[in-house]
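> Contents are mmCIF, C-alpha atoms and all ligand atoms; file name work24.cif:
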```cif
data_query
loop_
_atom_site.group_PDB
_atom_site.id
_atom_site.type_symbol
_atom_site.label_atom_id
_atom_site.label_comp_id
_atom_site.auth_asym_id
_atom_site.auth_seq_id
_atom_site.Cartn_x
_atom_site.Cartn_y
_atom_site.Cartn_z
ATOM 1 C CA MET A 1 -20.187 8.416 -2.940
ATOM 2 C CA ILE A 2 -17.140 10.319 -1.732
ATOM 3 C CA CYS A 3 -13.768 9.986 -3.473
ATOM 4 C CA PRO A 4 -11.291 8.319 -1.098
ATOM 5 C CA VAL A 5 -8.513 10.552 -2.429
ATOM 6 C CA CYS A 6 -10.107 13.998 -2.837
ATOM 7 C CA LYS A 7 -12.974 13.570 -0.342
ATOM 8 C CA LYS A 8 -15.352 15.106 -2.874
ATOM 9 C CA ASP A 9 -18.493 13.702 -4.420
ATOM 10 C CA MET A 10 -17.946 11.377 -7.315
ATOM 11 C CA VAL A 11 -20.222 11.041 -10.332
ATOM 12 C CA ASP A 12 -22.196 7.919 -11.218
ATOM 13 C CA ILE A 13 -21.401 6.442 -14.579
ATOM 14 C CA GLU A 14 -23.393 3.694 -16.151
ATOM 15 C CA TYR A 15 -21.997 1.417 -18.811
ATOM 16 C CA HIS A 16 -24.229 -1.432 -19.876
ATOM 17 C CA GLN A 17 -25.397 -2.818 -16.529
ATOM 18 C CA ILE A 18 -22.340 -1.633 -14.699
ATOM 19 C CA GLU A 19 -22.445 1.333 -12.376
ATOM 20 C CA LEU A 20 -19.183 3.006 -11.556
ATOM 21 C CA ASP A 21 -18.299 5.933 -9.390
ATOM 22 C CA TYR A 22 -15.834 8.253 -10.995
ATOM 23 C CA CYS A 23 -13.969 11.218 -9.545
ATOM 24 C CA THR A 24 -13.635 14.092 -12.011
ATOM 25 C CA ARG A 25 -10.766 15.605 -10.033
ATOM 26 C CA CYS A 26 -8.319 12.743 -9.730
ATOM 27 C CA ASN A 27 -9.821 10.440 -12.432
ATOM 28 C CA GLY A 28 -10.002 7.612 -9.934
ATOM 29 C CA VAL A 29 -12.672 4.934 -10.277
ATOM 30 C CA TRP A 30 -14.530 2.926 -7.656
ATOM 31 C CA PHE A 31 -15.846 -0.523 -8.567
ATOM 32 C CA ASP A 32 -18.370 -2.100 -6.250
ATOM 33 C CA ALA A 33 -17.754 -5.778 -5.598
ATOM 34 C CA GLU A 34 -18.295 -7.790 -8.820
ATOM 35 C CA GLU A 35 -18.394 -4.731 -11.081
ATOM 36 C CA LEU A 36 -14.865 -5.200 -12.329
ATOM 37 C CA GLU A 37 -15.753 -8.775 -13.281
ATOM 38 C CA LEU A 38 -18.778 -7.461 -15.139
ATOM 39 C CA LEU A 39 -16.656 -4.967 -17.031
ATOM 40 C CA LEU A 40 -14.189 -7.696 -17.989
ATOM 41 C CA ASP A 41 -17.117 -9.797 -19.198
ATOM 42 C CA GLN A 42 -18.205 -6.914 -21.389
ATOM 43 C CA ALA A 43 -14.738 -6.801 -22.906
ATOM 44 C CA ASP A 44 -14.768 -10.549 -23.605
ATOM 45 C CA LEU A 45 -11.980 -10.924 -21.109
ATOM 46 C CA LYS A 46 -13.796 -13.270 -18.816
ATOM 47 C CA ASP A 47 -11.023 -15.836 -18.644
ATOM 48 C CA HIS A 48 -8.414 -13.443 -17.300
ATOM 49 C CA ASP A 49 -6.128 -14.884 -14.646
ATOM 50 C CA LEU A 50 -6.393 -12.033 -12.177
ATOM 51 C CA PRO A 51 -6.928 -13.236 -8.628
ATOM 52 C CA LEU A 52 -10.015 -11.091 -8.157
ATOM 53 C CA ASP A 53 -11.652 -13.508 -5.737
ATOM 54 C CA ASP A 54 -8.503 -13.756 -3.758
ATOM 55 C CA LEU A 55 -7.388 -10.150 -3.444
ATOM 56 C CA LEU A 56 -7.579 -10.076 0.318
ATOM 57 C CA ASN A 57 -5.200 -13.017 0.572
ATOM 58 C CA LEU A 58 -2.558 -11.370 -1.580
ATOM 59 C CA PRO A 59 0.448 -9.799 0.106
ATOM 60 C CA GLU A 60 0.130 -6.169 1.082
ATOM 61 C CA ALA A 61 1.977 -3.968 -1.416
ATOM 62 C CA LYS A 62 4.994 -2.014 -0.251
ATOM 63 C CA THR A 63 4.348 1.533 -1.324
ATOM 64 C CA SER A 64 4.733 5.088 -0.180
ATOM 65 C CA GLU A 65 1.276 5.859 -1.513
ATOM 66 C CA LYS A 66 -1.045 7.148 1.161
ATOM 67 C CA GLY A 67 -3.517 4.772 2.783
ATOM 68 C CA ARG A 68 -7.140 5.253 1.727
ATOM 69 C CA LYS A 69 -10.458 4.578 3.286
ATOM 70 C CA CYS A 70 -13.256 2.614 1.713
ATOM 71 C CA PRO A 71 -15.995 5.008 0.520
ATOM 72 C CA ILE A 72 -18.625 2.542 1.733
ATOM 73 C CA CYS A 73 -17.532 1.321 5.173
ATOM 74 C CA ASN A 74 -14.944 4.037 5.815
ATOM 75 C CA LEU A 75 -12.336 1.542 7.023
ATOM 76 C CA LYS A 76 -8.771 1.592 5.793
ATOM 77 C CA MET A 77 -8.305 -0.386 2.585
ATOM 78 C CA LYS A 78 -5.622 -2.850 1.662
ATOM 79 C CA LYS A 79 -3.050 -1.947 -0.968
ATOM 80 C CA THR A 80 -2.147 -4.720 -3.281
ATOM 81 C CA THR A 81 -1.012 -5.169 -6.862
ATOM 82 C CA ILE A 82 -2.551 -7.095 -9.699
ATOM 83 C CA GLY A 83 -1.351 -7.735 -13.198
ATOM 84 C CA LYS A 84 2.229 -7.695 -14.464
ATOM 85 C CA GLU A 85 4.544 -5.266 -16.207
ATOM 86 C CA PRO A 86 3.570 -2.890 -14.944
ATOM 87 C CA GLU A 87 1.774 -4.053 -11.871
ATOM 88 C CA VAL A 88 -1.284 -2.026 -11.038
ATOM 89 C CA LEU A 89 -1.552 -0.816 -7.473
ATOM 90 C CA ILE A 90 -5.092 -0.934 -6.212
ATOM 91 C CA ASP A 91 -6.894 -0.392 -2.940
ATOM 92 C CA ALA A 92 -9.298 -3.108 -1.842
ATOM 93 C CA CYS A 93 -11.818 -2.973 0.985
ATOM 94 C CA PHE A 94 -11.078 -5.660 3.563
ATOM 95 C CA GLN A 95 -14.791 -6.327 3.830
ATOM 96 C CA GLY A 96 -15.158 -6.846 0.101
ATOM 97 C CA ASP A 97 -17.133 -3.662 -0.629
ATOM 98 C CA GLY A 98 -15.097 -2.981 -3.731
ATOM 99 C CA LEU A 99 -11.915 -1.728 -5.381
ATOM 100 C CA TRP A 100 -10.338 1.632 -5.998
ATOM 101 C CA PHE A 101 -8.240 2.401 -9.081
ATOM 102 C CA ASP A 102 -6.308 5.615 -9.497
ATOM 103 C CA GLY A 103 -6.660 7.521 -12.763
ATOM 104 C CA GLY A 104 -5.691 5.466 -15.801
ATOM 105 C CA GLU A 105 -5.028 2.251 -13.899
ATOM 106 C CA VAL A 106 -8.138 0.469 -15.111
ATOM 107 C CA ASN A 107 -7.097 1.150 -18.691
ATOM 108 C CA HIS A 108 -3.630 -0.248 -18.031
ATOM 109 C CA LEU A 109 -5.076 -3.365 -16.531
ATOM 110 C CA ILE A 110 -7.595 -4.023 -19.288
ATOM 111 C CA LYS A 111 -5.047 -3.393 -22.019
ATOM 112 C CA GLN A 112 -2.687 -5.744 -20.300
ATOM 113 C CA ILE A 113 -5.196 -8.587 -20.096
ATOM 114 C CA ALA A 114 -6.411 -7.901 -23.601
ATOM 115 C CA THR A 115 -2.899 -8.098 -25.041
ATOM 116 C CA LYS A 116 -2.242 -11.321 -23.249
ATOM 117 C CA LYS A 117 -5.495 -12.963 -24.193
ATOM 118 C CA LYS A 118 -5.588 -11.567 -27.723
ATOM 119 C CA ALA A 119 -9.263 -10.997 -27.206
ATOM 120 C CA GLU A 120 -11.576 -10.054 -30.011
ATOM 121 C CA ALA A 121 -10.546 -6.551 -30.915
ATOM 122 C CA SER A 122 -13.994 -5.079 -31.254
ATOM 123 C CA SER A 123 -15.380 -5.716 -27.785
ATOM 124 C CA GLN A 124 -12.053 -4.900 -26.245
ATOM 125 C CA GLN A 125 -11.747 -1.647 -28.154
ATOM 126 C CA GLN A 126 -15.265 -0.761 -27.144
ATOM 127 C CA VAL A 127 -14.489 -1.017 -23.465
ATOM 128 C CA LEU A 128 -11.149 0.738 -23.852
ATOM 129 C CA GLY A 129 -12.821 3.471 -25.851
ATOM 130 C CA PHE A 130 -15.432 3.866 -23.184
ATOM 131 C CA LEU A 131 -12.802 4.086 -20.485
ATOM 132 C CA SER A 132 -10.646 6.626 -22.228
ATOM 133 C CA GLU A 133 -13.618 8.727 -23.252
ATOM 134 C CA VAL A 134 -15.384 8.763 -19.937
ATOM 135 C CA PHE A 135 -12.413 8.686 -17.660
ATOM 136 C CA LYS A 136 -10.219 10.889 -19.813
ATOM 137 C CA ALA A 137 -7.393 8.589 -19.008
ATOM 138 C CA GLU A 138 -4.423 8.458 -21.310
ATOM 139 C CA GLN A 139 -4.274 5.415 -23.589
HETATM 140 ZN ZN ZN B 201 -10.712 12.113 -6.449
HETATM 141 ZN ZN ZN B 202 -15.537 -1.177 2.807
#
```
Here is a file; write its structure as structure tokens.


Amino acid sequence: MICPVCKKDMVDIEYHQIELDYCTRCNGVWFDAEELELLLDQADLKDHDLPLDDLLNLPEAKTSEKGRKCPICNLKMKKTTIGKEPEVLIDACFQGDGLWFDGGEVNHLIKQIATKKKAEASSQQQVLGFLSEVFKAEQ
């Protein structure tokens, strides 16, 4: 799969049953539809209140960030924000192919949900450890 930012090949990363595409240049991550949910399940964060099923109905984010194209259907993606303080700006395919996170954003999001839900530390730390190790994102 081609990185929507760098236009270079991404690498496949497998974590439990989840397959992610990761760009080693910009540290961005592509989640196919449902894969983010699976990752949250792994972290015992299943009962998060993120509107993941409803992303395409959320308002378009106002940002100067460049528009990106879905690496699957090649159509322009929607920019929207999820989470709070700080909000995480993501790109979502209008057809539901998946989601794009810039480097470090997945970590921010998971930490945020984890803090709020006071999830079991071990499973949460495992996923965060995996993310920071594999994605080299700052904690
Ligand atoms: Zn990239
Ligand atoms: Zn698409």

> Expanded to explicit residues, what is the PyMOL selection byres (((not hetatm)) within 9 of (chain B and resi 202)) for this file, as JSON, numbers by chain?

{"A": [69, 70, 71, 72, 73, 74, 75, 76, 77, 92, 93, 94, 95, 96, 97, 98, 99]}

> Enclose segment 27-37 of chain A, meaning all of its atoms listed in the file, in a box aligned along x, y and z, pad it by 6 Å on each side, and list the centre and edge lengths in Å to one decimal, as JSON.


```
{"center_x": -14.1, "center_y": 0.8, "center_z": -9.4, "size_x": 20.6, "size_y": 31.2, "size_z": 19.7}
```

> With distances taken over all atoms listed in the file, which residue among A:Gln42, A:Asp102, A:Ile82, A:Leu20 lies nearest ligand ZN 201 (chain B)?

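Looking only at the distances to ligand ZN 201 (chain B), the closest residue turns out to be A:Asp102.
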
> List all protein, DNA and RNA residues that have at least one atom no more than 12 Å from any atom of ligand ZN 201 (chain B), counting all atoms listed in the file, and write them as a PyMOL selection string.

chain A and resi 1-11+21-30+68+71+100-103+135

> Write out as number ranges by chain the residues lying within 10 Å of Pro51 of chain A, counting only C-alpha atoms and excluding same-chain residues fewer than 4 positions away.

A: 55-58, 82-83

> Mind giving me the straight-line distance from atom CA of Gln17 of chain A to atom CA of Lys116 of chain A in Å, one decimal?

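Spanning atom CA of Gln17 of chain A to atom CA of Lys116 of chain A is a straight-line distance of 25.6 Å.
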
> Once the PyMOL selection byres (((chain A and resi 46) around 12) and not hetatm) is applied to the coordinates I shared, what remains selected? I want it as a PyMOL selection string.

chain A and resi 36-45+47-50+52+110+113-114+117+119-120+123-124

> How many Å lie between atom CA of Glu34 of chain A and atom CA of Leu109 of chain A, rounded to one decimal?

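According to the coordinates, atom CA of Glu34 of chain A and atom CA of Leu109 of chain A are separated by 15.9 Å.
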
> Kindly resolve the PyMOL selection byres (((chain A and resi 80) around 6) and not hetatm) on the present coordinates and return the residues as JSON, numbers by chain.

{"A": [60, 61, 79, 81, 89, 90]}

> In Å, how far is it from atom CA of Leu131 of chain A to atom CA of Tyr15 of chain A?

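Rounded to one decimal, the two atoms are 9.7 Å apart.
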